[in-house]
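Report on the structure given below.
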Amino acid sequence: MIEDLRTVEPPAPLPGTDGLFTLDPAAVHLNHGSFGAVPVPVQRVQERLREEMERDPDGFFADLPARVAAARTGLAAELGADPDRSVLVGNVTEGVAIALDSVPLAAGDRILLTDHGYGAVELAVRRRAAEAGAEVHVVRLPLDDPGEDAVREAVLAGVDGRTVLAVLDQITSVGARGIATPALLAALRGRGVATVVDGAHAPGALADPIDEAADFWVGNLHKWAFAPRATGLLAVRPEWAARVRPLAVSWEHARGFPAAVEWRGTVDYTPWLAAPAGFEVLHGLGAERVRAHNDRLAGYGQRVLAERVGLRPLPGLAGVPMRALRLPPGQGETEADARAVMAWLWKRAAVRIAVRPWAGGGVLRISAQLYNRPDEYERLAAALAELLRG
């Protein structure tokens with residue numbers, strides 16, 4: 001999907017959002033999609049939980065399994081998941097590792113990825129494949145192909161008789177486009193291929209993020225669902241629940257899934273317990289209003305960068321509060337180059353954005369959240385124009 005950027009105008013700030021975040025006002029934060037920002041009311045809930053823990057650690061930890069289960073039940077309901085087939089995790093990377101450990105693999109089996117996947121997830125897949133003697137097949141997808149059908153056909157063309165697992169992004173980190181669509185997941189299921197869906201950006205950004213056709217789905221709540229870091233949720237289909245095991249054995253091991261997977265001894269559970277407050281903030285503001293505001297603002301940011309800097313907009317997924325554009329050849333083509341672009345923009349203009357390396361010109365991704373304003377994208381555009389002039 002490439003929208004007509006000429007018609008995209010910035011939205012007015014949503015009422016009730018002033019002072020909602022504690023970000024440094026001297027900086028421009030256009031990278032919410034990486035680490036998020038926790039609203040003040042949610043920060044306060046977590047602070048009270050930490051104070052409670054420090055007043056009586058013994059009592060706090062004695063009651064924790066039940067409180068974690070209650071938090072999971074509420075969060076699963078928000079995402080449309082079955083709480084008995086869900087488990088709280090630190091983030092998507094951890095959830096993917098748990099899913100990979102749950103799928104039996106043998107020598108000669110194949111795991112399918114695309115070249116738009118998140119780097120740490122690819123590393124986890126390659127490690128798991130090496131341990132099992134399996135192979136990794138990477139499907140190449142063009143940055144500029146806007147068609148869902150073309151993406152589905154390309155992925156399915158990479159499936160053969162040895163393909164047992166596909167690990168796919170719901171919304172890609174590199175370009176904010178959709179890959180793991182319902183049609184693709186259904187097709188893979190029909191071919192007997194298990195699926196792990198990286199839904200890192202889906203909670204809070206999509207009204208119904210979980211597709212029941214996915215064998216494993218995992219999403220981050222600390223991005224668009226206003227939860228504290230690090231909070232994620234892994235949902236599994238019924239046939240896999242008994243196979244899911246914790247990455248480390250704990251005192252809750254005998255209780256099985258999901259409690260055995262969630263319990264990690266004396267770690268800080270306050271992000272999980274405070275996470276439901278994030279959805280309270282989202283609903284208090286109006287979830288659809290927030291999504292519409294952020295989608296429109298991201299579109300405006302893409303328009304500014306295309307018109308004022310000459311960057312080429314890339315197709316994205318409708319309604320997602322992120323947009324991507326292509327840097328010119330020679331800029332951001334390697335990991336070191338991408339980091340150099342981000343560092344220059346920070347030092348020169350105090351702007352935070354994401355750049356992902358790509359041959360022929362890196363991919364610059366902007367995010368839009370309630371704290372962002374139209375002039376911040378204009379500030380980024382001015383700095384980028386200076387950088388590209390050399």
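A note on labels: chains of the structure tokens are A, B, ... as shown, every chain counts residues from 1, and ligands are counted from 1 in their shown order.
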
message: Which residues are near Val267 of chain A? Cut-off 12 Å, only C-alpha atoms, ignore same chain within fewer than 6 positions. Put them as a list in words.
response: Arg50, Met53, Pro57, Phe61, Leu64, Gly90 and Ala230 of chain A

Proximity check segment 2-82 of chain A to segment 369-377 of chain A, 12 Å, nearest pairs one decimal Å, only C-alpha atoms, as JSON lines:
```
{"residue": "A:Val8", "atom": "CA", "partner": "A:Pro374", "partner_atom": "CA", "distance": 11.6}
{"residue": "A:Glu9", "atom": "CA", "partner": "A:Pro374", "partner_atom": "CA", "distance": 9.3}
{"residue": "A:Pro10", "atom": "CA", "partner": "A:Pro374", "partner_atom": "CA", "distance": 6.3}
{"residue": "A:Pro11", "atom": "CA", "partner": "A:Pro374", "partner_atom": "CA", "distance": 8.4}
{"residue": "A:Ala12", "atom": "CA", "partner": "A:Arg373", "partner_atom": "CA", "distance": 8.7}
{"residue": "A:Pro13", "atom": "CA", "partner": "A:Leu370", "partner_atom": "CA", "distance": 7.1}
{"residue": "A:Leu14", "atom": "CA", "partner": "A:Leu370", "partner_atom": "CA", "distance": 7.2}
{"residue": "A:Pro15", "atom": "CA", "partner": "A:Leu370", "partner_atom": "CA", "distance": 9.9}
{"residue": "A:Gly16", "atom": "CA", "partner": "A:Leu370", "partner_atom": "CA", "distance": 10.0}
{"residue": "A:Thr17", "atom": "CA", "partner": "A:Leu370", "partner_atom": "CA", "distance": 6.8}
{"residue": "A:Asp18", "atom": "CA", "partner": "A:Tyr371", "partner_atom": "CA", "distance": 7.7}
{"residue": "A:Gly19", "atom": "CA", "partner": "A:Tyr371", "partner_atom": "CA", "distance": 8.7}
{"residue": "A:Leu20", "atom": "CA", "partner": "A:Tyr371", "partner_atom": "CA", "distance": 7.9}
{"residue": "A:Phe21", "atom": "CA", "partner": "A:Tyr371", "partner_atom": "CA", "distance": 7.2}
{"residue": "A:Thr22", "atom": "CA", "partner": "A:Tyr371", "partner_atom": "CA", "distance": 9.7}
{"residue": "A:Leu23", "atom": "CA", "partner": "A:Tyr371", "partner_atom": "CA", "distance": 8.7}
{"residue": "A:Asp24", "atom": "CA", "partner": "A:Tyr371", "partner_atom": "CA", "distance": 11.0}
{"residue": "A:Pro25", "atom": "CA", "partner": "A:Tyr371", "partner_atom": "CA", "distance": 9.9}
{"residue": "A:Ala26", "atom": "CA", "partner": "A:Glu376", "partner_atom": "CA", "distance": 11.1}
{"residue": "A:Ala27", "atom": "CA", "partner": "A:Glu376", "partner_atom": "CA", "distance": 9.4}
{"residue": "A:Val28", "atom": "CA", "partner": "A:Glu376", "partner_atom": "CA", "distance": 6.3}
{"residue": "A:His29", "atom": "CA", "partner": "A:Asn372", "partner_atom": "CA", "distance": 7.3}
{"residue": "A:Leu30", "atom": "CA", "partner": "A:Asn372", "partner_atom": "CA", "distance": 7.3}
{"residue": "A:Asn31", "atom": "CA", "partner": "A:Gln369", "partner_atom": "CA", "distance": 9.1}
{"residue": "A:His32", "atom": "CA", "partner": "A:Gln369", "partner_atom": "CA", "distance": 6.8}
{"residue": "A:Gly33", "atom": "CA", "partner": "A:Gln369", "partner_atom": "CA", "distance": 9.1}
{"residue": "A:Gly36", "atom": "CA", "partner": "A:Gln369", "partner_atom": "CA", "distance": 9.0}
{"residue": "A:Ala37", "atom": "CA", "partner": "A:Gln369", "partner_atom": "CA", "distance": 9.1}
{"residue": "A:Val38", "atom": "CA", "partner": "A:Tyr371", "partner_atom": "CA", "distance": 11.2}
{"residue": "A:Pro39", "atom": "CA", "partner": "A:Tyr371", "partner_atom": "CA", "distance": 10.1}
```

message: My list of candidates is A:Val68, A:Ala381, A:Ala81, A:Ala324. Which is closest to Pro209 of chain A when distances are computed with only C-alpha atoms?
response: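 The closest residue to Pro209 of chain A is A:Ala81.
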
message: When you count only C-alpha atoms, which of these residues is closest to Ala259 of chain A: A:Leu88, A:Ala186, A:Met342, A:Leu79?
response: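 Checking each of A:Leu88, A:Ala186, A:Met342, A:Leu79 against Ala259 of chain A, counting only C-alpha atoms, the winner is A:Leu88.
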
- prompt: Which is closer to Trp272 of chain A than all the others in A:Ala318, A:Val164, A:Ala69, A:Leu325, using only C-alpha atoms?
  reply: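 Closest to Trp272 of chain A of all the choices is A:Ala69.
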
task: Return as JSON, numbers by chain the full set of residues in segment 103-319 of chain A whose backbone-based DSSP assignment is helix (DSSP H, G or I).
output: {"A": [119, 120, 121, 122, 123, 124, 125, 126, 127, 128, 129, 130, 131, 132, 148, 149, 150, 151, 152, 153, 154, 155, 156, 157, 182, 183, 184, 185, 186, 187, 188, 189, 190, 238, 239, 240, 241, 253, 254, 255, 259, 260, 261, 262, 270, 271, 272, 273, 274, 275, 276, 277, 278, 279, 280, 281, 282, 283, 284, 285, 287, 288, 289, 290, 291, 292, 293, 294, 295, 296, 297, 298, 299, 300, 301, 302, 303, 304, 305, 306, 307, 308, 309]}

Write out the residues from the selection above, keeping C-alpha atoms, as a PDB file, in the first residue's frame.
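Now in out_32.pdb:
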```
ATOM      1  CA  GLY A 119      17.950  -9.623  12.963  1.00  0.00           C
ATOM      2  CA  ALA A 120      17.872 -11.168  16.433  1.00  0.00           C
ATOM      3  CA  VAL A 121      15.059 -13.497  15.398  1.00  0.00           C
ATOM      4  CA  GLU A 122      17.071 -14.659  12.400  1.00  0.00           C
ATOM      5  CA  LEU A 123      20.043 -15.359  14.674  1.00  0.00           C
ATOM      6  CA  ALA A 124      17.814 -17.467  16.933  1.00  0.00           C
ATOM      7  CA  VAL A 125      16.478 -19.409  13.953  1.00  0.00           C
ATOM      8  CA  ARG A 126      19.952 -20.079  12.608  1.00  0.00           C
ATOM      9  CA  ARG A 127      21.179 -21.297  15.990  1.00  0.00           C
ATOM     10  CA  ARG A 128      18.205 -23.641  16.379  1.00  0.00           C
ATOM     11  CA  ALA A 129      18.660 -24.952  12.843  1.00  0.00           C
ATOM     12  CA  ALA A 130      22.360 -25.596  13.410  1.00  0.00           C
ATOM     13  CA  GLU A 131      21.615 -27.538  16.591  1.00  0.00           C
ATOM     14  CA  ALA A 132      19.113 -29.762  14.781  1.00  0.00           C
ATOM     15  CA  GLU A 148      -0.135  -8.830  -0.641  1.00  0.00           C
ATOM     16  CA  ASP A 149      -0.726 -11.477  -3.297  1.00  0.00           C
ATOM     17  CA  ALA A 150       2.828 -11.145  -4.633  1.00  0.00           C
ATOM     18  CA  VAL A 151       4.271 -11.510  -1.136  1.00  0.00           C
ATOM     19  CA  ARG A 152       2.160 -14.594  -0.439  1.00  0.00           C
ATOM     20  CA  GLU A 153       3.142 -16.185  -3.747  1.00  0.00           C
ATOM     21  CA  ALA A 154       6.829 -15.515  -3.141  1.00  0.00           C
ATOM     22  CA  VAL A 155       6.734 -17.071   0.319  1.00  0.00           C
ATOM     23  CA  LEU A 156       4.771 -20.109  -0.828  1.00  0.00           C
ATOM     24  CA  ALA A 157       7.187 -20.587  -3.716  1.00  0.00           C
ATOM     25  CA  PRO A 182      -4.390 -14.461   7.270  1.00  0.00           C
ATOM     26  CA  ALA A 183      -4.340 -15.800   3.712  1.00  0.00           C
ATOM     27  CA  LEU A 184      -0.651 -16.706   3.881  1.00  0.00           C
ATOM     28  CA  LEU A 185      -0.954 -18.328   7.309  1.00  0.00           C
ATOM     29  CA  ALA A 186      -3.932 -20.364   6.144  1.00  0.00           C
ATOM     30  CA  ALA A 187      -2.040 -21.480   3.044  1.00  0.00           C
ATOM     31  CA  LEU A 188       0.987 -22.546   5.060  1.00  0.00           C
ATOM     32  CA  ARG A 189      -1.217 -24.411   7.499  1.00  0.00           C
ATOM     33  CA  GLY A 190      -2.833 -26.197   4.574  1.00  0.00           C
ATOM     34  CA  PRO A 238      -3.990 -25.948  21.488  1.00  0.00           C
ATOM     35  CA  GLU A 239      -1.949 -28.735  19.912  1.00  0.00           C
ATOM     36  CA  TRP A 240       1.319 -27.047  20.914  1.00  0.00           C
ATOM     37  CA  ALA A 241       0.582 -26.086  24.523  1.00  0.00           C
ATOM     38  CA  HIS A 253       7.833 -26.283  36.806  1.00  0.00           C
ATOM     39  CA  ALA A 254       5.384 -28.908  38.078  1.00  0.00           C
ATOM     40  CA  ARG A 255       2.441 -26.636  37.241  1.00  0.00           C
ATOM     41  CA  ALA A 259       2.939 -20.938  34.825  1.00  0.00           C
ATOM     42  CA  ALA A 260       6.186 -22.895  34.435  1.00  0.00           C
ATOM     43  CA  VAL A 261       7.213 -20.744  31.479  1.00  0.00           C
ATOM     44  CA  GLU A 262       6.431 -17.443  33.218  1.00  0.00           C
ATOM     45  CA  THR A 270       6.342  -5.283  37.926  1.00  0.00           C
ATOM     46  CA  PRO A 271       6.282  -4.579  34.157  1.00  0.00           C
ATOM     47  CA  TRP A 272       3.833  -7.460  33.663  1.00  0.00           C
ATOM     48  CA  LEU A 273       1.679  -6.458  36.619  1.00  0.00           C
ATOM     49  CA  ALA A 274       1.547  -2.848  35.422  1.00  0.00           C
ATOM     50  CA  ALA A 275       0.915  -3.726  31.762  1.00  0.00           C
ATOM     51  CA  PRO A 276      -2.912  -3.747  32.051  1.00  0.00           C
ATOM     52  CA  ALA A 277      -2.694  -0.064  33.015  1.00  0.00           C
ATOM     53  CA  GLY A 278      -1.312   0.599  29.540  1.00  0.00           C
ATOM     54  CA  PHE A 279      -4.511  -0.632  27.953  1.00  0.00           C
ATOM     55  CA  GLU A 280      -6.483   1.474  30.435  1.00  0.00           C
ATOM     56  CA  VAL A 281      -4.685   4.554  29.121  1.00  0.00           C
ATOM     57  CA  LEU A 282      -5.246   3.484  25.522  1.00  0.00           C
ATOM     58  CA  HIS A 283      -8.971   2.913  26.071  1.00  0.00           C
ATOM     59  CA  GLY A 284      -9.315   6.109  28.105  1.00  0.00           C
ATOM     60  CA  LEU A 285      -8.039   8.111  25.140  1.00  0.00           C
ATOM     61  CA  ALA A 287      -8.038   3.264  20.999  1.00  0.00           C
ATOM     62  CA  GLU A 288      -9.402   3.938  17.514  1.00  0.00           C
ATOM     63  CA  ARG A 289      -8.789   7.672  17.874  1.00  0.00           C
ATOM     64  CA  VAL A 290      -5.194   6.991  18.908  1.00  0.00           C
ATOM     65  CA  ARG A 291      -4.632   4.627  15.989  1.00  0.00           C
ATOM     66  CA  ALA A 292      -6.158   7.031  13.483  1.00  0.00           C
ATOM     67  CA  HIS A 293      -4.125   9.952  14.844  1.00  0.00           C
ATOM     68  CA  ASN A 294      -0.850   8.057  14.748  1.00  0.00           C
ATOM     69  CA  ASP A 295      -1.484   6.578  11.315  1.00  0.00           C
ATOM     70  CA  ARG A 296      -2.235  10.003   9.850  1.00  0.00           C
ATOM     71  CA  LEU A 297       0.738  11.634  11.546  1.00  0.00           C
ATOM     72  CA  ALA A 298       3.094   8.927  10.288  1.00  0.00           C
ATOM     73  CA  GLY A 299       1.728   9.455   6.791  1.00  0.00           C
ATOM     74  CA  TYR A 300       2.382  13.175   7.084  1.00  0.00           C
ATOM     75  CA  GLY A 301       5.945  12.496   8.204  1.00  0.00           C
ATOM     76  CA  GLN A 302       6.475  10.300   5.153  1.00  0.00           C
ATOM     77  CA  ARG A 303       5.094  13.065   2.945  1.00  0.00           C
ATOM     78  CA  VAL A 304       7.464  15.662   4.409  1.00  0.00           C
ATOM     79  CA  LEU A 305      10.506  13.463   3.882  1.00  0.00           C
ATOM     80  CA  ALA A 306       9.485  12.581   0.344  1.00  0.00           C
ATOM     81  CA  GLU A 307       8.746  16.173  -0.701  1.00  0.00           C
ATOM     82  CA  ARG A 308      11.514  18.032   1.093  1.00  0.00           C
ATOM     83  CA  VAL A 309      14.350  15.515   0.956  1.00  0.00           C
TER      84      VAL A 309
END
```

Going by DSSP on the backbone, which residues of segment 148-271 of chain A come out as strand (DSSP E)? List them as a PDB file with all heavy atoms, in the first residue's frame.
```pdb
ATOM      1  N   THR A 163      10.073 -28.349   4.148  1.00  0.00           N
ATOM      2  CA  THR A 163       9.796 -27.172   4.974  1.00  0.00           C
ATOM      3  C   THR A 163       8.833 -27.539   6.094  1.00  0.00           C
ATOM      4  O   THR A 163       7.694 -27.951   5.829  1.00  0.00           O
ATOM      5  CB  THR A 163       9.197 -26.032   4.134  1.00  0.00           C
ATOM      6  OG1 THR A 163      10.051 -25.759   3.023  1.00  0.00           O
ATOM      7  CG2 THR A 163       9.030 -24.779   4.973  1.00  0.00           C
ATOM      8  N   VAL A 164       9.279 -27.396   7.329  1.00  0.00           N
ATOM      9  CA  VAL A 164       8.428 -27.749   8.474  1.00  0.00           C
ATOM     10  C   VAL A 164       8.013 -26.530   9.278  1.00  0.00           C
ATOM     11  O   VAL A 164       7.058 -26.596  10.055  1.00  0.00           O
ATOM     12  CB  VAL A 164       9.139 -28.761   9.402  1.00  0.00           C
ATOM     13  CG1 VAL A 164       9.443 -30.051   8.660  1.00  0.00           C
ATOM     14  CG2 VAL A 164      10.410 -28.173   9.995  1.00  0.00           C
ATOM     15  N   LEU A 165       8.714 -25.409   9.095  1.00  0.00           N
ATOM     16  CA  LEU A 165       8.454 -24.242   9.929  1.00  0.00           C
ATOM     17  C   LEU A 165       8.721 -22.973   9.134  1.00  0.00           C
ATOM     18  O   LEU A 165       9.693 -22.890   8.389  1.00  0.00           O
ATOM     19  CB  LEU A 165       9.356 -24.273  11.176  1.00  0.00           C
ATOM     20  CG  LEU A 165       9.251 -23.104  12.160  1.00  0.00           C
ATOM     21  CD1 LEU A 165       7.870 -23.082  12.814  1.00  0.00           C
ATOM     22  CD2 LEU A 165      10.338 -23.214  13.233  1.00  0.00           C
ATOM     23  N   ALA A 166       7.855 -21.972   9.309  1.00  0.00           N
ATOM     24  CA  ALA A 166       8.060 -20.637   8.739  1.00  0.00           C
ATOM     25  C   ALA A 166       7.983 -19.620   9.863  1.00  0.00           C
ATOM     26  O   ALA A 166       7.047 -19.648  10.674  1.00  0.00           O
ATOM     27  CB  ALA A 166       7.012 -20.332   7.674  1.00  0.00           C
ATOM     28  N   VAL A 167       8.967 -18.731   9.930  1.00  0.00           N
ATOM     29  CA  VAL A 167       9.002 -17.662  10.929  1.00  0.00           C
ATOM     30  C   VAL A 167       8.840 -16.348  10.178  1.00  0.00           C
ATOM     31  O   VAL A 167       9.716 -15.951   9.400  1.00  0.00           O
ATOM     32  CB  VAL A 167      10.322 -17.682  11.722  1.00  0.00           C
ATOM     33  CG1 VAL A 167      10.332 -16.583  12.782  1.00  0.00           C
ATOM     34  CG2 VAL A 167      10.523 -19.049  12.380  1.00  0.00           C
ATOM     35  N   LEU A 168       7.715 -15.678  10.389  1.00  0.00           N
ATOM     36  CA  LEU A 168       7.331 -14.542   9.561  1.00  0.00           C
ATOM     37  C   LEU A 168       6.912 -13.348  10.408  1.00  0.00           C
ATOM     38  O   LEU A 168       6.322 -13.503  11.480  1.00  0.00           O
ATOM     39  CB  LEU A 168       6.158 -14.928   8.656  1.00  0.00           C
ATOM     40  CG  LEU A 168       6.369 -16.129   7.713  1.00  0.00           C
ATOM     41  CD1 LEU A 168       5.048 -16.530   7.104  1.00  0.00           C
ATOM     42  CD2 LEU A 168       7.407 -15.787   6.660  1.00  0.00           C
ATOM     43  N   ASP A 169       7.180 -12.168   9.891  1.00  0.00           N
ATOM     44  CA  ASP A 169       6.763 -10.934  10.549  1.00  0.00           C
ATOM     45  C   ASP A 169       5.312 -10.615  10.224  1.00  0.00           C
ATOM     46  O   ASP A 169       4.890 -10.720   9.070  1.00  0.00           O
ATOM     47  CB  ASP A 169       7.626  -9.756  10.092  1.00  0.00           C
ATOM     48  CG  ASP A 169       9.046  -9.856  10.588  1.00  0.00           C
ATOM     49  OD1 ASP A 169       9.762 -10.773  10.162  1.00  0.00           O
ATOM     50  OD2 ASP A 169       9.435  -9.002  11.394  1.00  0.00           O
ATOM     51  N   ALA A 194       4.276 -25.442  10.050  1.00  0.00           N
ATOM     52  CA  ALA A 194       4.019 -24.714  11.294  1.00  0.00           C
ATOM     53  C   ALA A 194       4.514 -23.282  11.144  1.00  0.00           C
ATOM     54  O   ALA A 194       5.464 -23.005  10.407  1.00  0.00           O
ATOM     55  CB  ALA A 194       4.712 -25.392  12.461  1.00  0.00           C
ATOM     56  N   THR A 195       3.880 -22.352  11.866  1.00  0.00           N
ATOM     57  CA  THR A 195       4.228 -20.942  11.731  1.00  0.00           C
ATOM     58  C   THR A 195       4.480 -20.288  13.081  1.00  0.00           C
ATOM     59  O   THR A 195       3.780 -20.548  14.060  1.00  0.00           O
ATOM     60  CB  THR A 195       3.111 -20.165  11.013  1.00  0.00           C
ATOM     61  OG1 THR A 195       1.851 -20.432  11.659  1.00  0.00           O
ATOM     62  CG2 THR A 195       3.033 -20.560   9.552  1.00  0.00           C
ATOM     63  N   VAL A 196       5.503 -19.462  13.098  1.00  0.00           N
ATOM     64  CA  VAL A 196       5.797 -18.586  14.230  1.00  0.00           C
ATOM     65  C   VAL A 196       5.678 -17.160  13.702  1.00  0.00           C
ATOM     66  O   VAL A 196       6.394 -16.775  12.769  1.00  0.00           O
ATOM     67  CB  VAL A 196       7.212 -18.823  14.790  1.00  0.00           C
ATOM     68  CG1 VAL A 196       7.514 -17.822  15.911  1.00  0.00           C
ATOM     69  CG2 VAL A 196       7.364 -20.249  15.296  1.00  0.00           C
ATOM     70  N   VAL A 197       4.767 -16.380  14.273  1.00  0.00           N
ATOM     71  CA  VAL A 197       4.525 -15.018  13.809  1.00  0.00           C
ATOM     72  C   VAL A 197       5.147 -14.027  14.779  1.00  0.00           C
ATOM     73  O   VAL A 197       4.825 -14.015  15.970  1.00  0.00           O
ATOM     74  CB  VAL A 197       3.017 -14.740  13.656  1.00  0.00           C
ATOM     75  CG1 VAL A 197       2.772 -13.270  13.305  1.00  0.00           C
ATOM     76  CG2 VAL A 197       2.425 -15.646  12.591  1.00  0.00           C
ATOM     77  N   ASP A 198       6.061 -13.210  14.248  1.00  0.00           N
ATOM     78  CA  ASP A 198       6.668 -12.116  15.001  1.00  0.00           C
ATOM     79  C   ASP A 198       5.717 -10.927  14.910  1.00  0.00           C
ATOM     80  O   ASP A 198       5.697 -10.195  13.932  1.00  0.00           O
ATOM     81  CB  ASP A 198       8.030 -11.779  14.395  1.00  0.00           C
ATOM     82  CG  ASP A 198       8.709 -10.577  15.074  1.00  0.00           C
ATOM     83  OD1 ASP A 198       8.026  -9.846  15.813  1.00  0.00           O
ATOM     84  OD2 ASP A 198       9.908 -10.360  14.826  1.00  0.00           O
ATOM     85  N   PHE A 216       2.232 -20.252  16.585  1.00  0.00           N
ATOM     86  CA  PHE A 216       2.786 -19.438  17.664  1.00  0.00           C
ATOM     87  C   PHE A 216       2.721 -17.975  17.223  1.00  0.00           C
ATOM     88  O   PHE A 216       3.119 -17.643  16.104  1.00  0.00           O
ATOM     89  CB  PHE A 216       4.254 -19.800  17.942  1.00  0.00           C
ATOM     90  CG  PHE A 216       4.479 -21.226  18.338  1.00  0.00           C
ATOM     91  CD1 PHE A 216       4.658 -22.212  17.376  1.00  0.00           C
ATOM     92  CD2 PHE A 216       4.521 -21.598  19.677  1.00  0.00           C
ATOM     93  CE1 PHE A 216       4.874 -23.529  17.732  1.00  0.00           C
ATOM     94  CE2 PHE A 216       4.738 -22.913  20.050  1.00  0.00           C
ATOM     95  CZ  PHE A 216       4.908 -23.880  19.066  1.00  0.00           C
ATOM     96  N   TRP A 217       2.217 -17.139  18.089  1.00  0.00           N
ATOM     97  CA  TRP A 217       2.179 -15.692  17.834  1.00  0.00           C
ATOM     98  C   TRP A 217       2.753 -15.008  19.057  1.00  0.00           C
ATOM     99  O   TRP A 217       2.380 -15.346  20.191  1.00  0.00           O
ATOM    100  CB  TRP A 217       0.755 -15.213  17.591  1.00  0.00           C
ATOM    101  CG  TRP A 217       0.637 -13.721  17.417  1.00  0.00           C
ATOM    102  CD1 TRP A 217       0.600 -13.028  16.249  1.00  0.00           C
ATOM    103  CD2 TRP A 217       0.530 -12.737  18.462  1.00  0.00           C
ATOM    104  NE1 TRP A 217       0.499 -11.680  16.487  1.00  0.00           N
ATOM    105  CE2 TRP A 217       0.460 -11.475  17.840  1.00  0.00           C
ATOM    106  CE3 TRP A 217       0.517 -12.800  19.866  1.00  0.00           C
ATOM    107  CZ2 TRP A 217       0.355 -10.288  18.572  1.00  0.00           C
ATOM    108  CZ3 TRP A 217       0.423 -11.618  20.588  1.00  0.00           C
ATOM    109  CH2 TRP A 217       0.336 -10.378  19.940  1.00  0.00           C
ATOM    110  N   VAL A 218       3.644 -14.056  18.856  1.00  0.00           N
ATOM    111  CA  VAL A 218       4.211 -13.336  19.991  1.00  0.00           C
ATOM    112  C   VAL A 218       4.321 -11.854  19.651  1.00  0.00           C
ATOM    113  O   VAL A 218       4.749 -11.474  18.559  1.00  0.00           O
ATOM    114  CB  VAL A 218       5.580 -13.920  20.412  1.00  0.00           C
ATOM    115  CG1 VAL A 218       6.579 -13.906  19.271  1.00  0.00           C
ATOM    116  CG2 VAL A 218       6.136 -13.198  21.635  1.00  0.00           C
ATOM    117  N   GLY A 219       3.868 -11.019  20.592  1.00  0.00           N
ATOM    118  CA  GLY A 219       3.890  -9.575  20.369  1.00  0.00           C
ATOM    119  C   GLY A 219       4.435  -8.830  21.568  1.00  0.00           C
ATOM    120  O   GLY A 219       4.375  -9.305  22.712  1.00  0.00           O
ATOM    121  N   ASN A 220       4.968  -7.642  21.313  1.00  0.00           N
ATOM    122  CA  ASN A 220       5.456  -6.753  22.364  1.00  0.00           C
ATOM    123  C   ASN A 220       4.358  -5.781  22.780  1.00  0.00           C
ATOM    124  O   ASN A 220       3.699  -5.190  21.920  1.00  0.00           O
ATOM    125  CB  ASN A 220       6.667  -5.951  21.883  1.00  0.00           C
ATOM    126  CG  ASN A 220       7.911  -6.790  21.749  1.00  0.00           C
ATOM    127  OD1 ASN A 220       8.108  -7.739  22.511  1.00  0.00           O
ATOM    128  ND2 ASN A 220       8.755  -6.463  20.792  1.00  0.00           N
ATOM    129  N   GLY A 232       5.805  -8.887  26.897  1.00  0.00           N
ATOM    130  CA  GLY A 232       5.319  -9.484  25.669  1.00  0.00           C
ATOM    131  C   GLY A 232       4.376 -10.617  25.999  1.00  0.00           C
ATOM    132  O   GLY A 232       4.293 -11.076  27.150  1.00  0.00           O
ATOM    133  N   LEU A 233       3.648 -11.069  24.987  1.00  0.00           N
ATOM    134  CA  LEU A 233       2.735 -12.193  25.195  1.00  0.00           C
ATOM    135  C   LEU A 233       2.888 -13.172  24.044  1.00  0.00           C
ATOM    136  O   LEU A 233       2.887 -12.780  22.873  1.00  0.00           O
ATOM    137  CB  LEU A 233       1.285 -11.714  25.297  1.00  0.00           C
ATOM    138  CG  LEU A 233       0.288 -12.836  25.641  1.00  0.00           C
ATOM    139  CD1 LEU A 233      -0.627 -12.411  26.787  1.00  0.00           C
ATOM    140  CD2 LEU A 233      -0.549 -13.228  24.429  1.00  0.00           C
ATOM    141  N   LEU A 234       3.045 -14.444  24.402  1.00  0.00           N
ATOM    142  CA  LEU A 234       3.131 -15.540  23.443  1.00  0.00           C
ATOM    143  C   LEU A 234       1.837 -16.332  23.510  1.00  0.00           C
ATOM    144  O   LEU A 234       1.441 -16.792  24.580  1.00  0.00           O
ATOM    145  CB  LEU A 234       4.319 -16.448  23.779  1.00  0.00           C
ATOM    146  CG  LEU A 234       4.423 -17.780  23.037  1.00  0.00           C
ATOM    147  CD1 LEU A 234       4.671 -17.563  21.547  1.00  0.00           C
ATOM    148  CD2 LEU A 234       5.536 -18.639  23.645  1.00  0.00           C
ATOM    149  N   ALA A 235       1.169 -16.478  22.357  1.00  0.00           N
ATOM    150  CA  ALA A 235      -0.055 -17.277  22.263  1.00  0.00           C
ATOM    151  C   ALA A 235       0.213 -18.469  21.361  1.00  0.00           C
ATOM    152  O   ALA A 235       0.863 -18.336  20.317  1.00  0.00           O
ATOM    153  CB  ALA A 235      -1.198 -16.430  21.706  1.00  0.00           C
ATOM    154  N   VAL A 236      -0.286 -19.647  21.754  1.00  0.00           N
ATOM    155  CA  VAL A 236      -0.024 -20.871  20.989  1.00  0.00           C
ATOM    156  C   VAL A 236      -1.347 -21.587  20.699  1.00  0.00           C
ATOM    157  O   VAL A 236      -2.324 -21.461  21.445  1.00  0.00           O
ATOM    158  CB  VAL A 236       0.932 -21.811  21.746  1.00  0.00           C
ATOM    159  CG1 VAL A 236       2.216 -21.087  22.115  1.00  0.00           C
ATOM    160  CG2 VAL A 236       0.283 -22.380  23.004  1.00  0.00           C
TER     161      VAL A 236
END
```
